[in-house]
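To be precise, the following lines are target-v6.txt, and they hold compact mmCIF, N, CA and C atoms and all ligand atoms.
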```txt
# COMPACT_ATOMS: atom_id res chain seq x y z
N MET Q 441 -189.21 102.64 53.34
CA MET Q 441 -188.93 102.47 54.77
C MET Q 441 -189.89 101.46 55.36
N GLY Q 442 -189.36 100.54 56.19
CA GLY Q 442 -190.21 99.55 56.84
C GLY Q 442 -190.98 100.19 57.99
N SER Q 443 -191.58 99.34 58.84
CA SER Q 443 -192.30 99.90 59.97
C SER Q 443 -191.32 100.58 60.94
N LEU Q 444 -191.79 101.61 61.57
CA LEU Q 444 -190.90 102.41 62.42
C LEU Q 444 -190.87 101.88 63.84
N ALA Q 445 -189.71 101.96 64.46
CA ALA Q 445 -189.57 101.64 65.88
C ALA Q 445 -188.95 102.86 66.56
N ARG Q 446 -189.33 103.09 67.79
CA ARG Q 446 -188.76 104.21 68.55
C ARG Q 446 -187.84 103.66 69.61
N PHE Q 447 -186.80 104.42 69.92
CA PHE Q 447 -185.92 104.02 71.02
C PHE Q 447 -185.37 105.28 71.68
N GLY Q 448 -185.03 105.15 72.96
CA GLY Q 448 -184.46 106.27 73.69
C GLY Q 448 -182.95 106.15 73.74
N VAL Q 449 -182.29 107.29 73.74
CA VAL Q 449 -180.82 107.29 73.82
C VAL Q 449 -180.41 108.23 74.94
N SER Q 450 -179.53 107.77 75.81
CA SER Q 450 -178.98 108.65 76.85
C SER Q 450 -177.57 109.04 76.45
N LEU Q 451 -177.29 110.32 76.50
CA LEU Q 451 -175.91 110.75 76.27
C LEU Q 451 -175.67 112.09 76.95
N GLU Q 452 -174.41 112.45 77.05
CA GLU Q 452 -174.04 113.68 77.74
C GLU Q 452 -174.68 114.88 77.05
N LYS Q 453 -175.13 115.85 77.89
CA LYS Q 453 -175.79 117.05 77.32
C LYS Q 453 -174.90 117.76 76.33
N ASP Q 454 -173.63 117.90 76.71
CA ASP Q 454 -172.71 118.63 75.85
C ASP Q 454 -172.58 117.95 74.48
N LEU Q 455 -172.51 116.63 74.52
CA LEU Q 455 -172.39 115.87 73.26
C LEU Q 455 -173.66 116.05 72.42
N LEU Q 456 -174.81 116.01 73.08
CA LEU Q 456 -176.07 116.20 72.35
C LEU Q 456 -176.15 117.60 71.75
N ASN Q 457 -175.73 118.61 72.53
CA ASN Q 457 -175.76 119.98 72.01
C ASN Q 457 -174.87 120.12 70.78
N ARG Q 458 -173.69 119.53 70.86
CA ARG Q 458 -172.78 119.60 69.72
C ARG Q 458 -173.34 118.85 68.51
N PHE Q 459 -174.00 117.73 68.79
CA PHE Q 459 -174.62 116.96 67.70
C PHE Q 459 -175.73 117.79 67.04
N ASP Q 460 -176.56 118.43 67.87
CA ASP Q 460 -177.65 119.25 67.32
C ASP Q 460 -177.11 120.39 66.47
N THR Q 461 -176.02 121.02 66.94
CA THR Q 461 -175.41 122.11 66.17
C THR Q 461 -174.90 121.60 64.83
N LEU Q 462 -174.22 120.46 64.90
CA LEU Q 462 -173.65 119.85 63.68
C LEU Q 462 -174.73 119.53 62.65
N ILE Q 463 -175.79 118.86 63.09
CA ILE Q 463 -176.80 118.42 62.12
C ILE Q 463 -177.61 119.62 61.59
N LYS Q 464 -177.73 120.65 62.42
CA LYS Q 464 -178.41 121.85 61.95
C LYS Q 464 -177.60 122.50 60.83
N GLU Q 465 -176.27 122.56 61.03
CA GLU Q 465 -175.39 123.12 60.00
C GLU Q 465 -175.48 122.31 58.70
N GLU Q 466 -175.71 121.02 58.85
CA GLU Q 466 -175.78 120.15 57.68
C GLU Q 466 -177.17 120.13 57.05
N GLY Q 467 -178.11 120.85 57.66
CA GLY Q 467 -179.42 120.99 57.05
C GLY Q 467 -180.49 120.03 57.54
N TYR Q 468 -180.19 119.21 58.53
CA TYR Q 468 -181.22 118.31 59.05
C TYR Q 468 -182.24 119.11 59.84
N THR Q 469 -183.49 118.71 59.73
CA THR Q 469 -184.53 119.40 60.49
C THR Q 469 -184.91 118.61 61.75
N ASN Q 470 -184.45 117.37 61.84
CA ASN Q 470 -184.69 116.62 63.07
C ASN Q 470 -183.59 115.58 63.28
N ARG Q 471 -183.47 115.13 64.51
CA ARG Q 471 -182.41 114.18 64.87
C ARG Q 471 -182.60 112.82 64.21
N SER Q 472 -183.86 112.41 64.05
CA SER Q 472 -184.11 111.05 63.56
C SER Q 472 -183.44 110.80 62.22
N GLU Q 473 -183.61 111.74 61.29
CA GLU Q 473 -183.03 111.53 59.96
C GLU Q 473 -181.50 111.51 60.04
N ALA Q 474 -180.94 112.38 60.89
CA ALA Q 474 -179.48 112.42 61.05
C ALA Q 474 -178.97 111.10 61.63
N ILE Q 475 -179.69 110.56 62.59
CA ILE Q 475 -179.27 109.30 63.22
C ILE Q 475 -179.43 108.14 62.24
N ARG Q 476 -180.52 108.16 61.47
CA ARG Q 476 -180.70 107.13 60.43
C ARG Q 476 -179.52 107.13 59.46
N ASP Q 477 -179.10 108.33 59.04
CA ASP Q 477 -177.97 108.44 58.11
C ASP Q 477 -176.67 107.93 58.73
N LEU Q 478 -176.46 108.24 60.01
CA LEU Q 478 -175.26 107.74 60.69
C LEU Q 478 -175.24 106.22 60.71
N ILE Q 479 -176.41 105.64 61.00
CA ILE Q 479 -176.50 104.17 61.05
C ILE Q 479 -176.23 103.57 59.68
N ARG Q 480 -176.85 104.16 58.65
CA ARG Q 480 -176.63 103.65 57.28
C ARG Q 480 -175.16 103.75 56.90
N GLU Q 481 -174.54 104.87 57.26
CA GLU Q 481 -173.13 105.08 56.97
C GLU Q 481 -172.27 104.00 57.62
N ARG Q 482 -172.64 103.65 58.85
CA ARG Q 482 -171.90 102.62 59.58
C ARG Q 482 -172.04 101.26 58.89
N PHE Q 483 -173.25 100.99 58.38
CA PHE Q 483 -173.45 99.71 57.67
C PHE Q 483 -172.66 99.66 56.38
N VAL Q 484 -172.55 100.78 55.69
CA VAL Q 484 -171.74 100.81 54.46
C VAL Q 484 -170.29 100.53 54.81
N ARG Q 485 -169.81 101.17 55.89
CA ARG Q 485 -168.42 100.94 56.31
C ARG Q 485 -168.21 99.45 56.65
N LYS Q 486 -169.21 98.88 57.29
CA LYS Q 486 -169.13 97.46 57.66
C LYS Q 486 -169.04 96.58 56.41
N GLU Q 487 -169.80 96.93 55.38
CA GLU Q 487 -169.72 96.16 54.12
C GLU Q 487 -168.29 96.19 53.59
N TRP Q 488 -167.65 97.35 53.68
CA TRP Q 488 -166.26 97.48 53.21
C TRP Q 488 -165.32 96.68 54.11
N GLU Q 489 -165.55 96.73 55.41
CA GLU Q 489 -164.69 95.99 56.34
C GLU Q 489 -164.81 94.47 56.13
N CYS Q 490 -166.00 94.02 55.71
CA CYS Q 490 -166.25 92.58 55.56
C CYS Q 490 -166.04 92.11 54.13
N ASP Q 491 -165.43 92.94 53.31
CA ASP Q 491 -165.10 92.57 51.92
C ASP Q 491 -166.31 92.14 51.11
N ARG Q 492 -167.41 92.87 51.27
CA ARG Q 492 -168.61 92.61 50.47
C ARG Q 492 -168.46 93.24 49.09
N GLU Q 493 -169.36 92.87 48.19
CA GLU Q 493 -169.38 93.54 46.89
C GLU Q 493 -169.95 94.94 47.10
N VAL Q 494 -169.20 95.93 46.71
CA VAL Q 494 -169.56 97.32 46.97
C VAL Q 494 -169.29 98.17 45.72
N VAL Q 495 -169.56 99.44 45.86
CA VAL Q 495 -169.23 100.37 44.79
C VAL Q 495 -168.21 101.36 45.34
N GLY Q 496 -167.14 101.55 44.61
CA GLY Q 496 -166.13 102.51 45.03
C GLY Q 496 -165.98 103.59 43.98
N VAL Q 497 -165.79 104.80 44.46
CA VAL Q 497 -165.54 105.92 43.54
C VAL Q 497 -164.13 106.43 43.84
N ILE Q 498 -163.26 106.26 42.87
CA ILE Q 498 -161.86 106.67 43.05
C ILE Q 498 -161.67 108.00 42.33
N THR Q 499 -161.24 108.98 43.07
CA THR Q 499 -161.01 110.32 42.49
C THR Q 499 -159.52 110.59 42.43
N LEU Q 500 -159.06 110.95 41.24
CA LEU Q 500 -157.63 111.18 41.03
C LEU Q 500 -157.35 112.59 40.59
N LEU Q 501 -156.19 113.07 40.96
CA LEU Q 501 -155.71 114.36 40.49
C LEU Q 501 -154.29 114.15 39.99
N TYR Q 502 -154.00 114.60 38.78
CA TYR Q 502 -152.66 114.42 38.24
C TYR Q 502 -152.37 115.40 37.10
N ASP Q 503 -151.10 115.43 36.72
CA ASP Q 503 -150.65 116.24 35.58
C ASP Q 503 -150.39 115.27 34.44
N HIS Q 504 -151.15 115.38 33.36
CA HIS Q 504 -151.02 114.40 32.28
C HIS Q 504 -149.69 114.52 31.53
N HIS Q 505 -148.94 115.62 31.77
CA HIS Q 505 -147.64 115.78 31.11
C HIS Q 505 -146.58 114.86 31.72
N ASN Q 506 -146.86 114.38 32.92
CA ASN Q 506 -145.88 113.54 33.61
C ASN Q 506 -145.58 112.29 32.77
N GLY Q 507 -144.34 112.14 32.39
CA GLY Q 507 -143.94 111.09 31.45
C GLY Q 507 -144.41 109.69 31.82
N GLY Q 508 -145.19 109.09 30.94
CA GLY Q 508 -145.60 107.71 31.12
C GLY Q 508 -146.81 107.51 32.01
N LEU Q 509 -147.22 108.56 32.68
CA LEU Q 509 -148.34 108.42 33.63
C LEU Q 509 -149.63 107.96 32.95
N MET Q 510 -149.98 108.61 31.86
CA MET Q 510 -151.24 108.28 31.19
C MET Q 510 -151.25 106.82 30.72
N GLU Q 511 -150.13 106.38 30.17
CA GLU Q 511 -150.04 104.98 29.68
C GLU Q 511 -150.19 104.01 30.85
N ARG Q 512 -149.49 104.32 31.92
CA ARG Q 512 -149.53 103.44 33.11
C ARG Q 512 -150.94 103.39 33.69
N LEU Q 513 -151.54 104.54 33.79
CA LEU Q 513 -152.90 104.63 34.35
C LEU Q 513 -153.88 103.85 33.49
N THR Q 514 -153.75 103.98 32.19
CA THR Q 514 -154.63 103.25 31.27
C THR Q 514 -154.38 101.74 31.38
N ASP Q 515 -153.11 101.34 31.44
CA ASP Q 515 -152.77 99.92 31.58
C ASP Q 515 -153.39 99.32 32.84
N VAL Q 516 -153.24 100.04 33.94
CA VAL Q 516 -153.77 99.54 35.23
C VAL Q 516 -155.28 99.33 35.13
N GLN Q 517 -155.98 100.27 34.49
CA GLN Q 517 -157.43 100.17 34.39
C GLN Q 517 -157.85 99.03 33.45
N HIS Q 518 -157.10 98.86 32.36
CA HIS Q 518 -157.41 97.76 31.44
C HIS Q 518 -157.16 96.41 32.10
N ASP Q 519 -156.06 96.32 32.83
CA ASP Q 519 -155.71 95.06 33.51
C ASP Q 519 -156.76 94.71 34.56
N TYR Q 520 -157.25 95.71 35.24
CA TYR Q 520 -158.23 95.48 36.30
C TYR Q 520 -159.53 94.93 35.71
N GLY Q 521 -160.01 95.59 34.68
CA GLY Q 521 -161.11 95.03 33.90
C GLY Q 521 -162.51 95.11 34.47
N ARG Q 522 -162.68 95.68 35.66
CA ARG Q 522 -164.05 95.72 36.22
C ARG Q 522 -164.50 97.14 36.54
N ILE Q 523 -164.05 98.07 35.72
CA ILE Q 523 -164.44 99.46 35.94
C ILE Q 523 -165.75 99.73 35.22
N ILE Q 524 -166.70 100.29 35.94
CA ILE Q 524 -168.02 100.55 35.38
C ILE Q 524 -167.98 101.77 34.47
N SER Q 525 -167.30 102.82 34.97
CA SER Q 525 -167.29 104.07 34.22
C SER Q 525 -166.15 104.95 34.70
N SER Q 526 -165.71 105.84 33.85
CA SER Q 526 -164.73 106.83 34.29
C SER Q 526 -164.96 108.14 33.55
N VAL Q 527 -164.60 109.20 34.22
CA VAL Q 527 -164.77 110.55 33.65
C VAL Q 527 -163.45 111.27 33.79
N HIS Q 528 -163.01 111.88 32.72
CA HIS Q 528 -161.78 112.66 32.76
C HIS Q 528 -162.15 114.13 32.57
N VAL Q 529 -161.66 114.96 33.48
CA VAL Q 529 -161.95 116.39 33.40
C VAL Q 529 -160.62 117.15 33.28
N HIS Q 530 -160.48 117.97 32.23
CA HIS Q 530 -159.28 118.79 32.07
C HIS Q 530 -159.48 120.05 32.91
N LEU Q 531 -158.97 120.03 34.13
CA LEU Q 531 -159.22 121.13 35.07
C LEU Q 531 -158.50 122.40 34.65
N LYS Q 532 -157.19 122.25 34.42
CA LYS Q 532 -156.36 123.37 33.98
C LYS Q 532 -155.34 122.79 33.01
N ARG Q 533 -154.45 123.62 32.50
CA ARG Q 533 -153.48 123.14 31.51
C ARG Q 533 -152.69 121.93 32.01
N ASP Q 534 -152.32 121.96 33.29
CA ASP Q 534 -151.48 120.89 33.82
C ASP Q 534 -152.16 120.09 34.94
N ARG Q 535 -153.48 120.13 34.97
CA ARG Q 535 -154.20 119.39 36.02
C ARG Q 535 -155.38 118.63 35.43
N CYS Q 536 -155.37 117.32 35.69
CA CYS Q 536 -156.49 116.50 35.27
C CYS Q 536 -157.16 115.89 36.50
N LEU Q 537 -158.46 115.84 36.45
CA LEU Q 537 -159.23 115.16 37.49
C LEU Q 537 -159.86 113.94 36.82
N GLU Q 538 -159.77 112.81 37.45
CA GLU Q 538 -160.40 111.62 36.89
C GLU Q 538 -161.20 110.92 37.97
N VAL Q 539 -162.38 110.50 37.61
CA VAL Q 539 -163.24 109.79 38.54
C VAL Q 539 -163.51 108.40 37.97
N ILE Q 540 -163.21 107.39 38.75
CA ILE Q 540 -163.36 106.00 38.30
C ILE Q 540 -164.37 105.32 39.21
N VAL Q 541 -165.38 104.73 38.61
CA VAL Q 541 -166.40 104.03 39.39
C VAL Q 541 -166.21 102.52 39.23
N VAL Q 542 -166.10 101.83 40.34
CA VAL Q 542 -165.81 100.40 40.34
C VAL Q 542 -166.82 99.65 41.19
N ARG Q 543 -167.24 98.50 40.67
CA ARG Q 543 -168.10 97.61 41.47
C ARG Q 543 -167.34 96.31 41.65
N ASP Q 544 -167.05 95.97 42.90
CA ASP Q 544 -166.24 94.79 43.15
C ASP Q 544 -166.22 94.52 44.66
N LYS Q 545 -165.52 93.46 45.06
CA LYS Q 545 -165.29 93.26 46.49
C LYS Q 545 -164.35 94.37 46.96
N SER Q 546 -164.60 94.82 48.19
CA SER Q 546 -163.89 96.01 48.65
C SER Q 546 -162.37 95.87 48.63
N ARG Q 547 -161.87 94.65 48.90
CA ARG Q 547 -160.41 94.53 48.94
C ARG Q 547 -159.78 94.73 47.56
N PHE Q 548 -160.51 94.38 46.49
CA PHE Q 548 -159.97 94.58 45.15
C PHE Q 548 -160.00 96.06 44.77
N ILE Q 549 -161.03 96.75 45.24
CA ILE Q 549 -161.11 98.20 44.97
C ILE Q 549 -159.98 98.91 45.71
N THR Q 550 -159.76 98.51 46.97
CA THR Q 550 -158.68 99.11 47.75
C THR Q 550 -157.32 98.83 47.09
N ALA Q 551 -157.14 97.60 46.61
CA ALA Q 551 -155.88 97.23 45.96
C ALA Q 551 -155.68 98.05 44.69
N LEU Q 552 -156.77 98.24 43.93
CA LEU Q 552 -156.68 99.05 42.71
C LEU Q 552 -156.26 100.48 43.05
N ALA Q 553 -156.89 101.03 44.10
CA ALA Q 553 -156.57 102.41 44.51
C ALA Q 553 -155.10 102.50 44.93
N HIS Q 554 -154.60 101.50 45.62
CA HIS Q 554 -153.19 101.52 46.03
C HIS Q 554 -152.27 101.48 44.82
N GLN Q 555 -152.67 100.65 43.87
CA GLN Q 555 -151.86 100.53 42.65
C GLN Q 555 -151.82 101.86 41.90
N ILE Q 556 -152.97 102.51 41.81
CA ILE Q 556 -153.04 103.80 41.11
C ILE Q 556 -152.25 104.86 41.88
N LYS Q 557 -152.42 104.85 43.19
CA LYS Q 557 -151.76 105.86 44.03
C LYS Q 557 -150.24 105.81 43.87
N SER Q 558 -149.73 104.61 43.65
CA SER Q 558 -148.28 104.44 43.59
C SER Q 558 -147.69 104.85 42.23
N ILE Q 559 -148.56 105.17 41.26
CA ILE Q 559 -148.04 105.62 39.96
C ILE Q 559 -147.42 107.00 40.14
N ARG Q 560 -146.22 107.16 39.63
CA ARG Q 560 -145.51 108.42 39.79
C ARG Q 560 -146.28 109.56 39.10
N GLY Q 561 -146.51 110.64 39.84
CA GLY Q 561 -147.20 111.78 39.26
C GLY Q 561 -148.65 111.92 39.70
N ILE Q 562 -149.19 110.88 40.31
CA ILE Q 562 -150.56 110.98 40.85
C ILE Q 562 -150.47 111.84 42.11
N LYS Q 563 -151.14 112.98 42.08
CA LYS Q 563 -151.03 113.90 43.22
C LYS Q 563 -152.02 113.58 44.32
N GLN Q 564 -153.15 113.03 43.92
CA GLN Q 564 -154.14 112.66 44.93
C GLN Q 564 -154.93 111.46 44.43
N CYS Q 565 -155.22 110.55 45.32
CA CYS Q 565 -156.04 109.38 44.99
C CYS Q 565 -156.90 109.09 46.20
N ARG Q 566 -158.20 109.32 46.03
CA ARG Q 566 -159.10 109.17 47.18
C ARG Q 566 -160.21 108.18 46.83
N VAL Q 567 -160.56 107.34 47.79
CA VAL Q 567 -161.63 106.38 47.56
C VAL Q 567 -162.85 106.75 48.40
N SER Q 568 -163.98 106.86 47.75
CA SER Q 568 -165.23 107.06 48.48
C SER Q 568 -165.95 105.72 48.55
N MET Q 569 -166.41 105.40 49.75
CA MET Q 569 -167.06 104.12 49.97
C MET Q 569 -168.54 104.21 49.61
N GLY Q 570 -168.93 103.44 48.61
CA GLY Q 570 -170.33 103.37 48.23
C GLY Q 570 -170.85 101.96 48.47
N SER Q 571 -172.14 101.81 48.27
CA SER Q 571 -172.80 100.54 48.55
C SER Q 571 -173.76 100.21 47.42
N LEU Q 572 -174.08 98.95 47.26
CA LEU Q 572 -175.12 98.59 46.29
C LEU Q 572 -176.49 98.92 46.87
N GLY Q 573 -176.53 99.27 48.14
CA GLY Q 573 -177.75 99.76 48.76
C GLY Q 573 -178.76 98.69 49.15
N GLU Q 574 -178.32 97.44 49.18
CA GLU Q 574 -179.26 96.36 49.48
C GLU Q 574 -179.48 96.16 50.98
N ASN Q 575 -178.55 96.63 51.80
CA ASN Q 575 -178.65 96.40 53.24
C ASN Q 575 -178.71 97.68 54.07
N ILE Q 576 -179.04 98.76 53.42
CA ILE Q 576 -179.10 100.00 54.21
C ILE Q 576 -180.44 100.71 54.03
NI NI Q 601 -156.80 116.19 31.15
```

What would the structure in this file look like if it were written as structure tokens?
Ligand code: NI
Amino acid sequence: MGSLARFGVSLEKDLLNRFDTLIKEEGYTNRSEAIRDLIRERFVRKEWECDREVVGVITLLYDHHNGGLMERLTDVQHDYGRIISSVHVHLKRDRCLEVIVVRDKSRFITALAHQIKSIRGIKQCRVSMGSLGENI
């Protein structure tokens, strides 16, 4: 952490009370750390909005029995070619969870997620926005 600066914030009492309740539930012991995290989160979102090189974590849920799904999913990942890592978890007999970690410009990660989502049989496809951490 660099040198610290202090600043005052004015906001409605009700909003502040709700914020305090929220951050207490989340385990924060003071407002400063919660506000720092909010700011960092906003910067990560900005990196995604500005198509910076970022890290995306794509989480998938599917049934591997679905005809052709596994082949299609594998093809899409091979064609993309910039996947750092993936983990396949056999959740239940007919449920697979897969986590794919990608480092790329955000628009390519979003496009990959759209491509995967459109494969027949994918029940859920969610992208978590990560950062290389250089600007937060
Ligand atoms: Ni499986």

Write down as a PyMOL selection string the residues belonging to chain Q that are assigned strand (DSSP E or B) by DSSP computed on the backbone.
chain Q and resi 493-502+523-532+535-545+562-570

If the limit is 5 Å from any atom of ligand NI 601 (chain Q), counting all atoms listed in the file, which residues qualify? Return them as a PyMOL selection string.
chain Q and resi 529-530+536

Among the residues Q:Val542, Q:Ala445, Q:Leu552, Q:Val567, the one that comes closest to Val494 in chain Q [using only C-alpha atoms]:
Q:Val542

Give me the residues near Ile540 in chain Q as a PyMOL selection string, where near means some atom within 12 Å (using only C-alpha atoms) and where sequence neighbours in that chain fewer than 3 positions away do not count.
chain Q and resi 495-501+513-514+516-517+520+522-529+537+543+549+552-553+556+565-568

Give the answer as one residue: which of Q:Ile559, Q:Leu478, Q:Ile463, Q:Leu456 has the shortest atom-to-atom distance to Arg512 in chain Q, using only C-alpha atoms?
Q:Ile559

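Using only C-alpha atoms, the smallest distance between any of Q:Lys532, Q:Phe459, Q:Glu538, Q:Asn575 and Lys486 in chain Q comes from Q:Asn575.
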
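Note that the spacing between CA of Trp488 in chain Q and atom N of Arg547 in chain Q amounts to 6.8 Å.
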
Separation of CA of His504 in chain Q and atom N of Lys563 in chain Q, in Å?
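Spanning CA of His504 in chain Q to atom N of Lys563 in chain Q is a straight-line distance of 9.9 Å.
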
Can you tell me how far atom N of Asp544 in chain Q sits from atom N of Arg485 in chain Q, in Å to one decimal?
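We find that atom N of Asp544 in chain Q and atom N of Arg485 in chain Q lie 14.3 Å from each other.
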
List the spatial neighbours of Gly561 in chain Q as an mmCIF file with N, CA and C atoms, in the frame of the given file - criterion: any atom at most 7 Å away, all atoms listed in the file, same-chain residues fewer than 6 positions off excluded.
```cif
data_model
loop_
_atom_site.group_PDB
_atom_site.id
_atom_site.type_symbol
_atom_site.label_atom_id
_atom_site.label_comp_id
_atom_site.auth_asym_id
_atom_site.auth_seq_id
_atom_site.Cartn_x
_atom_site.Cartn_y
_atom_site.Cartn_z
ATOM 1 N N LEU Q 501 -156.190 113.070 40.960
ATOM 2 C CA LEU Q 501 -155.710 114.360 40.490
ATOM 3 C C LEU Q 501 -154.290 114.150 39.990
ATOM 4 N N TYR Q 502 -154.000 114.600 38.780
ATOM 5 C CA TYR Q 502 -152.660 114.420 38.240
ATOM 6 C C TYR Q 502 -152.370 115.400 37.100
ATOM 7 N N ASP Q 503 -151.100 115.430 36.720
ATOM 8 C CA ASP Q 503 -150.650 116.240 35.580
ATOM 9 C C ASP Q 503 -150.390 115.270 34.440
ATOM 10 N N ASN Q 506 -146.860 114.380 32.920
ATOM 11 C CA ASN Q 506 -145.880 113.540 33.610
ATOM 12 C C ASN Q 506 -145.580 112.290 32.770
ATOM 13 N N LEU Q 509 -147.220 108.560 32.680
ATOM 14 C CA LEU Q 509 -148.340 108.420 33.630
ATOM 15 C C LEU Q 509 -149.630 107.960 32.950
#
```

Per DSSP on the backbone, what are the alpha helix (DSSP H) residues of chain Q, as a PyMOL selection string?
chain Q and resi 453-465+471-489+509-520+546-557

If I put a ball of radius 7 Å at (-152.2, 118.0, 28.0) in the file's coordinates, which residues poke into it when counting all atoms listed in the file, written as a PyMOL selection string?
chain Q and resi 504-505+533-534
